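*Asks:* What follows is structure-v7.txt; its format and atoms are compact mmCIF, C-alpha atoms.
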# COMPACT_ATOMS: atom_id res chain seq x y z
CA MET A 1 79.36 -98.76 -91.94
CA LYS A 2 77.09 -96.20 -93.57
CA ARG A 3 74.41 -96.87 -90.95
CA ILE A 4 76.91 -96.42 -88.11
CA VAL A 5 78.16 -93.10 -89.54
CA THR A 6 74.60 -91.94 -90.08
CA GLY A 7 73.69 -92.91 -86.53
CA VAL A 8 76.69 -91.11 -85.06
CA LEU A 9 75.89 -88.02 -87.13
CA ALA A 10 72.29 -88.05 -85.93
CA LEU A 11 73.41 -88.32 -82.30
CA ALA A 12 75.88 -85.46 -82.81
CA MET A 13 73.15 -83.30 -84.32
CA MET A 14 70.83 -84.10 -81.40
CA ALA A 15 73.56 -83.22 -78.91
CA THR A 16 74.26 -79.95 -80.72
CA ALA A 17 70.56 -79.06 -80.69
CA ALA A 18 70.28 -79.94 -77.01
CA ASN A 19 73.29 -77.77 -76.17
CA ALA A 20 72.33 -74.88 -78.47
CA GLU A 21 72.35 -71.46 -76.87
CA ILE A 22 71.67 -67.89 -77.81
CA LYS A 23 74.32 -65.45 -76.59
CA ILE A 24 73.04 -62.10 -75.37
CA GLY A 25 75.50 -59.35 -74.46
CA ALA A 26 75.10 -56.65 -71.82
CA ILE A 27 77.31 -53.70 -70.87
CA ILE A 28 76.19 -52.01 -67.66
CA SER A 29 77.62 -49.39 -65.27
CA GLU A 30 77.18 -51.74 -62.34
CA THR A 31 79.87 -49.87 -60.39
CA GLY A 32 81.16 -46.30 -60.57
CA PRO A 33 79.32 -42.96 -60.49
CA ALA A 34 76.22 -44.34 -62.27
CA SER A 35 75.94 -47.48 -60.12
CA SER A 36 72.62 -46.37 -58.62
CA LEU A 37 71.26 -46.77 -62.15
CA GLY A 38 73.37 -49.69 -63.29
CA ASP A 39 73.05 -51.97 -60.28
CA PRO A 40 69.28 -52.52 -60.63
CA GLU A 41 69.74 -52.85 -64.39
CA ALA A 42 72.30 -55.64 -64.01
CA ARG A 43 70.21 -57.41 -61.38
CA THR A 44 67.16 -57.23 -63.64
CA ILE A 45 68.95 -58.56 -66.70
CA ARG A 46 70.41 -61.52 -64.79
CA MET A 47 67.03 -62.28 -63.21
CA MET A 48 65.19 -62.17 -66.51
CA VAL A 49 67.66 -64.45 -68.28
CA GLU A 50 67.27 -66.97 -65.43
CA GLU A 51 63.47 -66.72 -65.68
CA LEU A 52 63.60 -67.10 -69.45
CA ASN A 53 65.72 -70.24 -69.23
CA ALA A 54 63.55 -71.69 -66.46
CA LYS A 55 60.63 -71.49 -68.91
CA GLY A 56 62.53 -73.38 -71.58
CA GLY A 57 64.52 -70.57 -73.18
CA ILE A 58 63.75 -69.29 -76.65
CA ARG A 59 62.22 -71.92 -78.94
CA GLY A 60 64.01 -74.59 -76.93
CA GLU A 61 67.39 -72.87 -76.90
CA LYS A 62 68.91 -71.53 -73.68
CA ALA A 63 69.90 -67.89 -73.45
CA ARG A 64 73.47 -67.31 -72.31
CA LEU A 65 74.22 -63.89 -70.82
CA VAL A 66 77.64 -62.29 -71.22
CA LEU A 67 77.64 -59.17 -69.02
CA TYR A 68 80.47 -56.66 -68.55
CA ASP A 69 80.68 -53.79 -66.04
CA ASP A 70 82.06 -50.63 -67.67
CA GLY A 71 82.14 -48.64 -64.42
CA GLY A 72 80.58 -45.70 -66.27
CA ASP A 73 83.63 -45.31 -68.54
CA PRO A 74 82.76 -44.87 -72.27
CA SER A 75 86.20 -46.17 -73.31
CA LYS A 76 85.65 -49.40 -71.40
CA ALA A 77 82.12 -49.65 -72.80
CA LYS A 78 83.49 -49.49 -76.36
CA THR A 79 86.14 -52.10 -75.58
CA PHE A 80 83.57 -54.45 -74.08
CA ALA A 81 81.17 -53.92 -76.99
CA THR A 82 83.93 -54.84 -79.42
CA ARG A 83 84.70 -57.96 -77.36
CA LEU A 84 81.03 -58.97 -77.32
CA VAL A 85 80.71 -58.63 -81.09
CA GLU A 86 84.08 -59.95 -82.25
CA ASP A 87 85.05 -62.50 -79.58
CA ASP A 88 81.93 -63.54 -77.69
CA GLY A 89 79.72 -63.72 -80.78
CA VAL A 90 76.55 -62.28 -79.23
CA VAL A 91 73.46 -61.86 -81.40
CA ALA A 92 72.26 -58.69 -79.62
CA MET A 93 73.32 -56.25 -76.89
CA VAL A 94 71.49 -54.48 -74.07
CA GLY A 95 72.93 -51.74 -71.88
CA GLY A 96 74.54 -48.38 -72.03
CA THR A 97 73.49 -47.16 -68.57
CA THR A 98 74.49 -43.59 -69.42
CA THR A 99 74.38 -41.48 -72.56
CA GLY A 100 78.19 -41.52 -72.80
CA THR A 101 78.51 -45.29 -72.62
CA SER A 102 75.54 -45.78 -74.95
CA MET A 103 77.09 -43.57 -77.62
CA ALA A 104 80.32 -45.59 -77.38
CA ILE A 105 78.48 -48.91 -77.68
CA LEU A 106 76.19 -47.88 -80.53
CA ALA A 107 79.15 -47.07 -82.77
CA VAL A 108 80.34 -50.67 -82.40
CA ALA A 109 76.82 -52.04 -82.84
CA GLU A 110 76.34 -50.17 -86.10
CA ASP A 111 79.73 -51.19 -87.48
CA GLY A 112 79.18 -54.82 -86.49
CA LYS A 113 75.50 -54.85 -87.50
CA VAL A 114 74.40 -56.24 -84.14
CA PRO A 115 71.13 -54.93 -82.61
CA PHE A 116 71.60 -52.81 -79.49
CA ILE A 117 68.90 -51.63 -77.06
CA SER A 118 70.11 -48.67 -74.98
CA LEU A 119 68.99 -47.91 -71.43
CA ALA A 120 69.98 -44.23 -71.56
CA GLY A 121 67.88 -41.13 -72.07
CA ALA A 122 69.46 -38.80 -74.63
CA LEU A 123 67.57 -38.08 -77.83
CA GLU A 124 70.76 -38.37 -79.90
CA ILE A 125 70.89 -42.13 -79.27
CA ILE A 126 68.00 -42.70 -81.67
CA ASP A 127 67.73 -39.38 -83.52
CA PRO A 128 68.58 -39.63 -86.31
CA VAL A 129 67.43 -43.25 -86.57
CA LYS A 130 70.29 -45.72 -86.76
CA PRO A 131 69.47 -49.13 -88.29
CA TYR A 132 70.66 -51.30 -85.39
CA VAL A 133 70.06 -49.01 -82.38
CA PHE A 134 66.92 -48.81 -80.20
CA LYS A 135 66.21 -47.59 -76.68
CA THR A 136 63.67 -48.01 -73.89
CA PRO A 137 63.72 -44.82 -71.75
CA HIS A 138 61.88 -41.67 -72.75
CA THR A 139 64.11 -39.04 -74.34
CA ASP A 140 65.38 -35.98 -72.52
CA ARG A 141 63.34 -33.79 -74.91
CA MET A 142 60.18 -35.63 -73.82
CA ALA A 143 61.12 -35.03 -70.17
CA CYS A 144 61.45 -31.28 -70.82
CA LEU A 145 58.08 -31.19 -72.59
CA LYS A 146 56.36 -33.12 -69.79
CA ILE A 147 57.81 -30.86 -67.10
CA TYR A 148 56.87 -27.70 -68.99
CA GLU A 149 53.36 -29.08 -69.46
CA ASP A 150 53.00 -29.47 -65.69
CA MET A 151 54.55 -26.07 -64.98
CA LYS A 152 52.12 -24.40 -67.36
CA SER A 153 49.17 -26.09 -65.65
CA ARG A 154 50.35 -24.39 -62.42
CA GLY A 155 50.79 -20.99 -64.05
CA LEU A 156 54.60 -21.19 -63.94
CA THR A 157 56.34 -19.81 -67.02
CA ARG A 158 59.59 -18.13 -65.82
CA VAL A 159 62.14 -20.87 -65.20
CA GLY A 160 65.59 -21.08 -63.69
CA LEU A 161 67.55 -23.90 -65.32
CA ILE A 162 70.48 -25.64 -63.59
CA SER A 163 72.23 -28.53 -65.32
CA GLY A 164 75.02 -31.01 -64.86
CA THR A 165 77.87 -30.82 -67.37
CA ASP A 166 77.94 -34.61 -67.81
CA GLY A 167 76.53 -36.18 -70.99
CA PHE A 168 73.01 -36.58 -69.62
CA GLY A 169 72.81 -33.12 -68.04
CA ALA A 170 74.27 -31.32 -71.06
CA SER A 171 71.97 -33.13 -73.46
CA MET A 172 68.82 -32.44 -71.43
CA ARG A 173 69.83 -28.79 -70.94
CA ALA A 174 70.10 -28.40 -74.72
CA GLN A 175 66.68 -29.99 -75.23
CA CYS A 176 65.00 -27.91 -72.50
CA LEU A 177 66.40 -24.74 -74.04
CA ALA A 178 65.31 -25.84 -77.51
CA VAL A 179 61.66 -26.44 -76.62
CA ALA A 180 61.20 -23.67 -74.02
CA LYS A 181 59.78 -21.00 -76.31
CA SER A 182 57.37 -23.32 -78.13
CA SER A 183 56.18 -24.57 -74.71
CA GLY A 184 55.46 -21.02 -73.52
CA MET A 185 58.42 -20.94 -71.13
CA GLU A 186 61.02 -18.24 -70.54
CA ILE A 187 64.43 -19.36 -69.28
CA VAL A 188 65.52 -16.50 -67.02
CA ALA A 189 68.55 -18.24 -65.50
CA ASP A 190 70.91 -20.88 -66.90
CA GLU A 191 73.42 -22.30 -64.42
CA THR A 192 75.64 -25.41 -64.59
CA TYR A 193 77.63 -27.61 -62.19
CA GLY A 194 80.32 -30.26 -62.54
CA PRO A 195 79.90 -33.94 -61.67
CA LYS A 196 82.24 -33.60 -58.67
CA ASP A 197 80.85 -30.31 -57.31
CA ALA A 198 79.81 -30.69 -53.66
CA ASP A 199 78.02 -27.34 -53.19
CA MET A 200 75.61 -25.60 -55.57
CA THR A 201 74.51 -22.75 -53.30
CA PRO A 202 76.18 -20.08 -55.49
CA GLN A 203 74.23 -21.22 -58.57
CA LEU A 204 70.98 -21.52 -56.63
CA THR A 205 71.51 -18.08 -55.11
CA ASN A 206 71.96 -16.61 -58.60
CA ILE A 207 68.72 -18.25 -59.69
CA ARG A 208 66.81 -17.06 -56.63
CA ASN A 209 67.91 -13.47 -57.25
CA LYS A 210 66.53 -13.35 -60.80
CA PRO A 211 63.48 -11.02 -60.92
CA GLY A 212 60.20 -12.83 -61.45
CA ILE A 213 61.64 -16.36 -61.16
CA GLN A 214 58.81 -18.86 -60.67
CA ALA A 215 60.31 -22.37 -60.75
CA ILE A 216 63.60 -24.28 -60.87
CA LEU A 217 64.41 -27.17 -63.19
CA ASN A 218 67.50 -29.35 -62.72
CA SER A 219 68.68 -31.60 -65.53
CA GLY A 220 71.07 -34.15 -64.08
CA PHE A 221 71.49 -37.53 -62.40
CA GLY A 222 73.61 -39.06 -59.66
CA GLN A 223 74.81 -37.06 -56.64
CA GLY A 224 74.30 -33.58 -58.17
CA PRO A 225 70.48 -33.44 -57.97
CA ALA A 226 70.57 -34.66 -54.36
CA THR A 227 73.08 -31.93 -53.47
CA ILE A 228 70.94 -29.31 -55.19
CA THR A 229 67.87 -30.47 -53.27
CA ARG A 230 69.71 -30.24 -49.93
CA ASN A 231 71.19 -26.81 -50.79
CA TYR A 232 67.75 -25.62 -51.90
CA THR A 233 66.38 -26.45 -48.45
CA GLN A 234 69.38 -24.94 -46.67
CA LEU A 235 68.79 -21.67 -48.51
CA GLY A 236 65.15 -21.66 -47.44
CA MET A 237 63.93 -21.61 -51.02
CA THR A 238 60.24 -22.20 -51.68
CA LEU A 239 60.08 -22.02 -55.47
CA PRO A 240 58.67 -25.20 -57.06
CA LEU A 241 61.61 -27.53 -57.73
CA TYR A 242 61.59 -30.01 -60.62
CA GLN A 243 64.12 -32.77 -61.19
CA SER A 244 64.70 -34.94 -64.26
CA HIS A 245 63.66 -38.53 -64.92
CA GLY A 246 67.34 -39.33 -64.29
CA VAL A 247 66.63 -39.43 -60.53
CA ALA A 248 63.30 -41.26 -60.58
CA SER A 249 64.15 -43.77 -57.86
CA ASN A 250 63.97 -44.23 -54.10
CA ALA A 251 67.76 -43.85 -54.01
CA PHE A 252 67.35 -40.16 -54.85
CA ILE A 253 65.01 -39.61 -51.91
CA GLU A 254 67.51 -41.31 -49.60
CA LEU A 255 70.44 -39.26 -50.94
CA ALA A 256 68.59 -35.95 -50.76
CA GLY A 257 66.75 -36.69 -47.52
CA ALA A 258 63.00 -37.16 -47.42
CA LYS A 259 62.34 -33.80 -45.72
CA ASN A 260 64.51 -31.93 -48.24
CA ALA A 261 62.86 -33.67 -51.19
CA GLU A 262 59.28 -33.10 -50.02
CA GLY A 263 57.25 -31.57 -52.85
CA VAL A 264 59.86 -32.13 -55.57
CA ARG A 265 58.23 -33.07 -58.89
CA LEU A 266 59.64 -35.02 -61.81
CA PRO A 267 58.54 -37.03 -64.83
CA GLY A 268 58.67 -40.74 -64.10
CA THR A 269 57.23 -44.08 -65.04
CA ALA A 270 54.29 -46.12 -63.79
CA LEU A 271 56.73 -48.42 -62.00
CA LEU A 272 57.16 -46.09 -59.01
CA VAL A 273 53.42 -45.79 -58.42
CA GLY A 274 52.17 -49.21 -59.51
CA GLU A 275 49.79 -49.66 -56.59
CA LEU A 276 48.21 -46.26 -57.32
CA LEU A 277 47.38 -47.02 -60.94
CA ASP A 278 43.81 -47.51 -62.07
CA PRO A 279 42.94 -51.23 -62.24
CA LYS A 280 42.10 -50.73 -65.93
CA ASP A 281 45.55 -49.28 -66.68
CA PRO A 282 47.27 -51.82 -68.99
CA GLN A 283 50.62 -51.19 -67.29
CA LYS A 284 49.43 -52.09 -63.79
CA ALA A 285 49.73 -55.88 -64.10
CA VAL A 286 53.13 -55.66 -65.83
CA VAL A 287 54.50 -53.20 -63.28
CA LEU A 288 53.33 -55.14 -60.24
CA ALA A 289 54.60 -58.46 -61.64
CA TYR A 290 58.09 -57.05 -62.25
CA LYS A 291 58.10 -55.31 -58.88
CA ALA A 292 57.25 -58.54 -57.05
CA SER A 293 59.85 -60.59 -58.97
CA PHE A 294 62.64 -58.05 -58.60
CA GLU A 295 62.11 -57.32 -54.92
CA LYS A 296 61.98 -61.04 -54.12
CA ALA A 297 65.17 -61.74 -56.08
CA ALA A 298 67.15 -58.64 -55.13
CA GLY A 299 65.83 -57.86 -51.66
CA ALA A 300 65.70 -54.20 -52.68
CA PRO A 301 63.03 -51.81 -54.02
CA VAL A 302 62.51 -51.53 -57.77
CA SER A 303 63.76 -48.46 -59.60
CA THR A 304 62.93 -46.80 -62.88
CA PHE A 305 66.31 -47.87 -64.24
CA GLY A 306 65.75 -51.54 -63.58
CA GLY A 307 62.45 -51.04 -65.38
CA TYR A 308 64.30 -49.80 -68.48
CA ALA A 309 66.32 -53.04 -68.45
CA HIS A 310 63.15 -55.10 -67.91
CA ASP A 311 61.55 -53.55 -70.98
CA ALA A 312 64.68 -54.02 -73.10
CA MET A 313 64.87 -57.71 -72.19
CA ARG A 314 61.14 -58.19 -72.86
CA ILE A 315 61.47 -56.54 -76.25
CA LEU A 316 64.54 -58.62 -77.11
CA ALA A 317 63.07 -61.93 -75.88
CA GLU A 318 59.86 -61.43 -77.84
CA ALA A 319 61.79 -60.40 -80.95
CA LEU A 320 63.96 -63.52 -80.66
CA ALA A 321 60.82 -65.66 -80.40
CA ARG A 322 59.35 -64.04 -83.55
CA ALA A 323 62.50 -63.83 -85.66
CA PRO A 324 62.92 -66.53 -88.33
CA SER A 325 66.47 -67.12 -87.10
CA ALA A 326 68.87 -66.01 -84.35
CA LYS A 327 70.94 -64.03 -86.84
CA PRO A 328 71.46 -60.36 -85.82
CA ALA A 329 69.80 -58.97 -88.96
CA ALA A 330 66.67 -61.08 -88.40
CA ILE A 331 66.54 -60.06 -84.73
CA ARG A 332 66.91 -56.38 -85.69
CA ASP A 333 63.97 -56.67 -88.08
CA ALA A 334 61.86 -58.36 -85.39
CA ILE A 335 62.66 -55.62 -82.84
CA GLU A 336 61.67 -52.95 -85.36
CA ALA A 337 58.35 -54.77 -85.91
CA THR A 338 57.48 -54.63 -82.18
CA THR A 339 54.02 -53.13 -81.59
CA GLY A 340 51.74 -52.93 -78.59
CA LEU A 341 54.30 -54.31 -76.14
CA VAL A 342 53.32 -53.11 -72.65
CA GLY A 343 56.34 -52.50 -70.46
CA THR A 344 57.04 -50.77 -67.15
CA THR A 345 57.98 -47.58 -69.01
CA GLY A 346 55.11 -47.49 -71.47
CA THR A 347 53.65 -49.27 -74.49
CA TYR A 348 56.22 -49.71 -77.26
CA ASN A 349 55.43 -49.30 -80.96
CA TYR A 350 58.64 -49.32 -82.97
CA SER A 351 58.82 -48.67 -86.71
CA LYS A 352 61.41 -47.97 -89.40
CA THR A 353 61.28 -44.28 -88.51
CA ASP A 354 60.86 -44.61 -84.71
CA HIS A 355 63.35 -46.60 -82.61
CA LEU A 356 61.98 -45.29 -79.29
CA GLY A 357 58.36 -46.34 -79.70
CA LEU A 358 56.95 -44.22 -76.86
CA ASP A 359 54.89 -41.04 -76.81
CA LEU A 360 54.51 -38.38 -74.11
CA SER A 361 51.58 -40.19 -72.47
CA ALA A 362 54.01 -42.83 -71.18
CA PHE A 363 55.44 -40.27 -68.75
CA ARG A 364 53.68 -39.62 -65.41
CA ILE A 365 54.29 -36.53 -63.30
CA LEU A 366 55.26 -37.73 -59.83
CA GLU A 367 55.69 -35.81 -56.59
CA ILE A 368 57.70 -36.81 -53.55
CA SER A 369 55.43 -36.92 -50.52
CA ASN A 370 56.19 -38.22 -47.02
CA GLY A 371 59.29 -40.04 -48.23
CA GLY A 372 57.45 -41.76 -51.07
CA TRP A 373 55.79 -41.06 -54.40
CA LYS A 374 52.36 -39.80 -55.35
CA LEU A 375 50.79 -39.51 -58.76
CA VAL A 376 49.98 -35.95 -59.84
CA LYS A 377 46.63 -36.01 -61.63
Is it possible to express this structure as structure tokens?
*Replies:*
Amino acid sequence: MKRIVTGVLALAMMATAANAEIKIGAIISETGPASSLGDPEARTIRMMVEELNAKGGIRGEKARLVLYDDGGDPSKAKTFATRLVEDDGVVAMVGGTTTGTSMAILAVAEDGKVPFISLAGALEIIDPVKPYVFKTPHTDRMACLKIYEDMKSRGLTRVGLISGTDGFGASMRAQCLAVAKSSGMEIVADETYGPKDADMTPQLTNIRNKPGIQAILNSGFGQGPATITRNYTQLGMTLPLYQSHGVASNAFIELAGAKNAEGVRLPGTALLVGELLDPKDPQKAVVLAYKASFEKAAGAPVSTFGGYAHDAMRILAEALARAPSAKPAAIRDAIEATTGLVGTTGTYNYSKTDHLGLDLSAFRILEISNGGWKLVK
């Protein structure tokens, strides 16, 4: 009898091991006003989980994805995060397409002590450092510094700022104002627009009329920057126009119109100019591999935002492989120990005091040219 019980127990344990899975949660703005960001993120996450499982999963265990679409609503994001932690029992979360949804999710992640990798840009997501929160995109402060660096190289120091009043736009505006003086910039105009505004010609006219204005910088994402770019052309403006990393995708060029967007500069990632990278650039192989996989699976061009999701999933998968167990605390420690991981956005080196892991060199200044992108040397 003892042998029979032992044999049954052994079979049960084998079956449990064979059916073991690691639950990964994701909350993405796949629909709604941020869908141009969230759609490629969701596609990337699903693709990478499928690829991971096709290679045998993580130490023999399959990854199971539980993905919710928050539609860009922070309240829904918080509800879904709570469901992932309390009901679905995920060991880690990826997502937060926007700053607003990320801030809602991170509160749940910290309370539940479940690691969360955000895909949004605001500095406040990881500053101050929160034990269980990381992110993959550059911060909005870094974007301001990179843009000012390029402006200064062109002899442009008197800037007209125009910003969206959404979470991303307001956060980047604050950062650009904060680092202007130390970067040698003078903000001579400071205009804003709402997320539903359909015409920004009054704000642009105010900027154009400022004496000595030399360049325009827009901090925003979604429809607003495209509208500004069209209005800029309609007004016959010729001042150098800079956009944020929040519109670093082909979708922005399509929304604004290639002719209107000609000459616009912005800080972006290597992903948009993979073919133009030096063969010795460590990001080239990673960027081109992701680009080929995504475009084959999705039938659509890659975007910077899908790249943020790619990097988050790479970081999480490698941390899961290194962690001594699939417990959230062990995974968190493994994420924090990530060093030298080359992604589409840059090379990540996390630490106890740095949950971004990127420096300014990870940003590239890109310019829209003939309906595409070129790398500004």
*Asks:* So how far away is CA of Ala309 in chain A from CA of His355 in chain A, in Å?
*Replies:* 15.8 Å
*Asks:* Which residues are near Gly121 in chain A? Cut-off 12 Å, all atoms listed in the file, ignore same chain within fewer than 3 positions. Put them as JSON, numbers by chain.
*Replies:* {"A": [37, 95, 96, 97, 98, 99, 100, 101, 102, 103, 117, 118, 124, 125, 126, 127, 134, 135, 136, 137, 138, 139, 140, 141, 142, 143, 144, 167, 168, 169, 170, 171, 172, 175, 219, 220, 221, 244, 245, 246, 247, 304, 305, 308, 356]}
*Asks:* Write out, as a compact mmCIF listing (two decimals), in the frame of the given file, the residues just selected, with C-alpha atoms.
*Replies:*
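New file part-v3.txt:
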# COMPACT_ATOMS: atom_id res chain seq x y z
CA LEU A 37 71.26 -46.77 -62.15
CA GLY A 95 72.93 -51.74 -71.88
CA GLY A 96 74.54 -48.38 -72.03
CA THR A 97 73.49 -47.16 -68.57
CA THR A 98 74.49 -43.59 -69.42
CA THR A 99 74.38 -41.48 -72.56
CA GLY A 100 78.19 -41.52 -72.80
CA THR A 101 78.51 -45.29 -72.62
CA SER A 102 75.54 -45.78 -74.95
CA MET A 103 77.09 -43.57 -77.62
CA ILE A 117 68.90 -51.63 -77.06
CA SER A 118 70.11 -48.67 -74.98
CA GLU A 124 70.76 -38.37 -79.90
CA ILE A 125 70.89 -42.13 -79.27
CA ILE A 126 68.00 -42.70 -81.67
CA ASP A 127 67.73 -39.38 -83.52
CA PHE A 134 66.92 -48.81 -80.20
CA LYS A 135 66.21 -47.59 -76.68
CA THR A 136 63.67 -48.01 -73.89
CA PRO A 137 63.72 -44.82 -71.75
CA HIS A 138 61.88 -41.67 -72.75
CA THR A 139 64.11 -39.04 -74.34
CA ASP A 140 65.38 -35.98 -72.52
CA ARG A 141 63.34 -33.79 -74.91
CA MET A 142 60.18 -35.63 -73.82
CA ALA A 143 61.12 -35.03 -70.17
CA CYS A 144 61.45 -31.28 -70.82
CA GLY A 167 76.53 -36.18 -70.99
CA PHE A 168 73.01 -36.58 -69.62
CA GLY A 169 72.81 -33.12 -68.04
CA ALA A 170 74.27 -31.32 -71.06
CA SER A 171 71.97 -33.13 -73.46
CA MET A 172 68.82 -32.44 -71.43
CA GLN A 175 66.68 -29.99 -75.23
CA SER A 219 68.68 -31.60 -65.53
CA GLY A 220 71.07 -34.15 -64.08
CA PHE A 221 71.49 -37.53 -62.40
CA SER A 244 64.70 -34.94 -64.26
CA HIS A 245 63.66 -38.53 -64.92
CA GLY A 246 67.34 -39.33 -64.29
CA VAL A 247 66.63 -39.43 -60.53
CA THR A 304 62.93 -46.80 -62.88
CA PHE A 305 66.31 -47.87 -64.24
CA TYR A 308 64.30 -49.80 -68.48
CA LEU A 356 61.98 -45.29 -79.29
*Asks:* Give the answer as one residue: which of A:Pro33, A:Gly72, A:Pro128, A:Gly307 has the shortest atom-to-atom distance to Thr345 in chain A, using all atoms listed in the file?
*Replies:* A:Gly307
*Asks:* Can you report as JSON the centre and edge lengths in Å, to one decimal, of an axis-aligned box around the listed atoms of range 112-123 of chain A padded with 4 Å on each side?
*Replies:*
{"center_x": 73.4, "center_y": -47.2, "center_z": -79.5, "size_x": 19.6, "size_y": 26.2, "size_z": 24.1}
*Asks:* Choose the residue, out of A:Ala63, A:Val287, A:Leu271, A:Ile331, that has the smallest atom-to-atom separation from Met48 in chain A; count all atoms listed in the file.
*Replies:* A:Ala63
*Asks:* Return as a Markdown table the residues of range 247-269 of chain A lying at most 12 Å from range 201-218 of chain A, together with the closest atom-to-atom pair for each and the distance in Å to one decimal, counting all atoms listed in the file, with rows in chain order and ascending residue number.
*Replies:*
| residue | atom | partner | partner_atom | distance |
| --- | --- | --- | --- | --- |
| A:Val247 | CA | A:Asn218 | CA | 10.4 |
| A:Val264 | CA | A:Leu217 | CA | 10.2 |
| A:Arg265 | CA | A:Leu217 | CA | 9.6 |
| A:Leu266 | CA | A:Leu217 | CA | 9.3 |
| A:Pro267 | CA | A:Leu217 | CA | 11.6 |
*Asks:* What's around Leu316 in chain A at 10 Å? Count all atoms listed in the file, leave out sequence neighbours fewer than 2 positions away in its own chain, and write the answer as a ChimeraX atom specification.
*Replies:* /A:24,92-94,115-117,310-314,318-322,331-332,334-335,338
*Asks:* When you draw a straight line from CA of Glu275 in chain A to CA of Gly263 in chain A, how long is it in Å?
*Replies:*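 Calculated distance between CA of Glu275 in chain A and CA of Gly263 in chain A is 19.9 Å.
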*Asks:* Can you pull out every residue within 8 Å of Lys146 in chain A, counting all atoms listed in the file, but drop anything in the same chain fewer than 5 positions away, and send it as number ranges by chain?
*Replies:* A: 267, 360, 363, 365
*Asks:* Kindly save the residues from that selection, with C-alpha atoms included, as a PDB file, keeping the file's coordinate frame.
*Replies:*
ATOM      1  CA  PRO A 267      58.540 -37.030 -64.830  1.00  0.00           C
ATOM      2  CA  LEU A 360      54.510 -38.380 -74.110  1.00  0.00           C
ATOM      3  CA  PHE A 363      55.440 -40.270 -68.750  1.00  0.00           C
ATOM      4  CA  ILE A 365      54.290 -36.530 -63.300  1.00  0.00           C
TER       5      ILE A 365
END
*Asks:* What is the distance, in Å and to one decimal place, between CA of Leu277 in chain A and CA of Ala289 in chain A?
*Replies:*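 Going from CA of Leu277 in chain A over to CA of Ala289 in chain A, I get 13.5 Å.
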*Asks:* Using all atoms listed in the file, which of A:Gly25, A:Gly372, A:Gly155, A:Gly112 sits nearest Glu262 in chain A?
*Replies:*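 Among the listed residues, the smallest separation from Glu262 in chain A belongs to A:Gly372.
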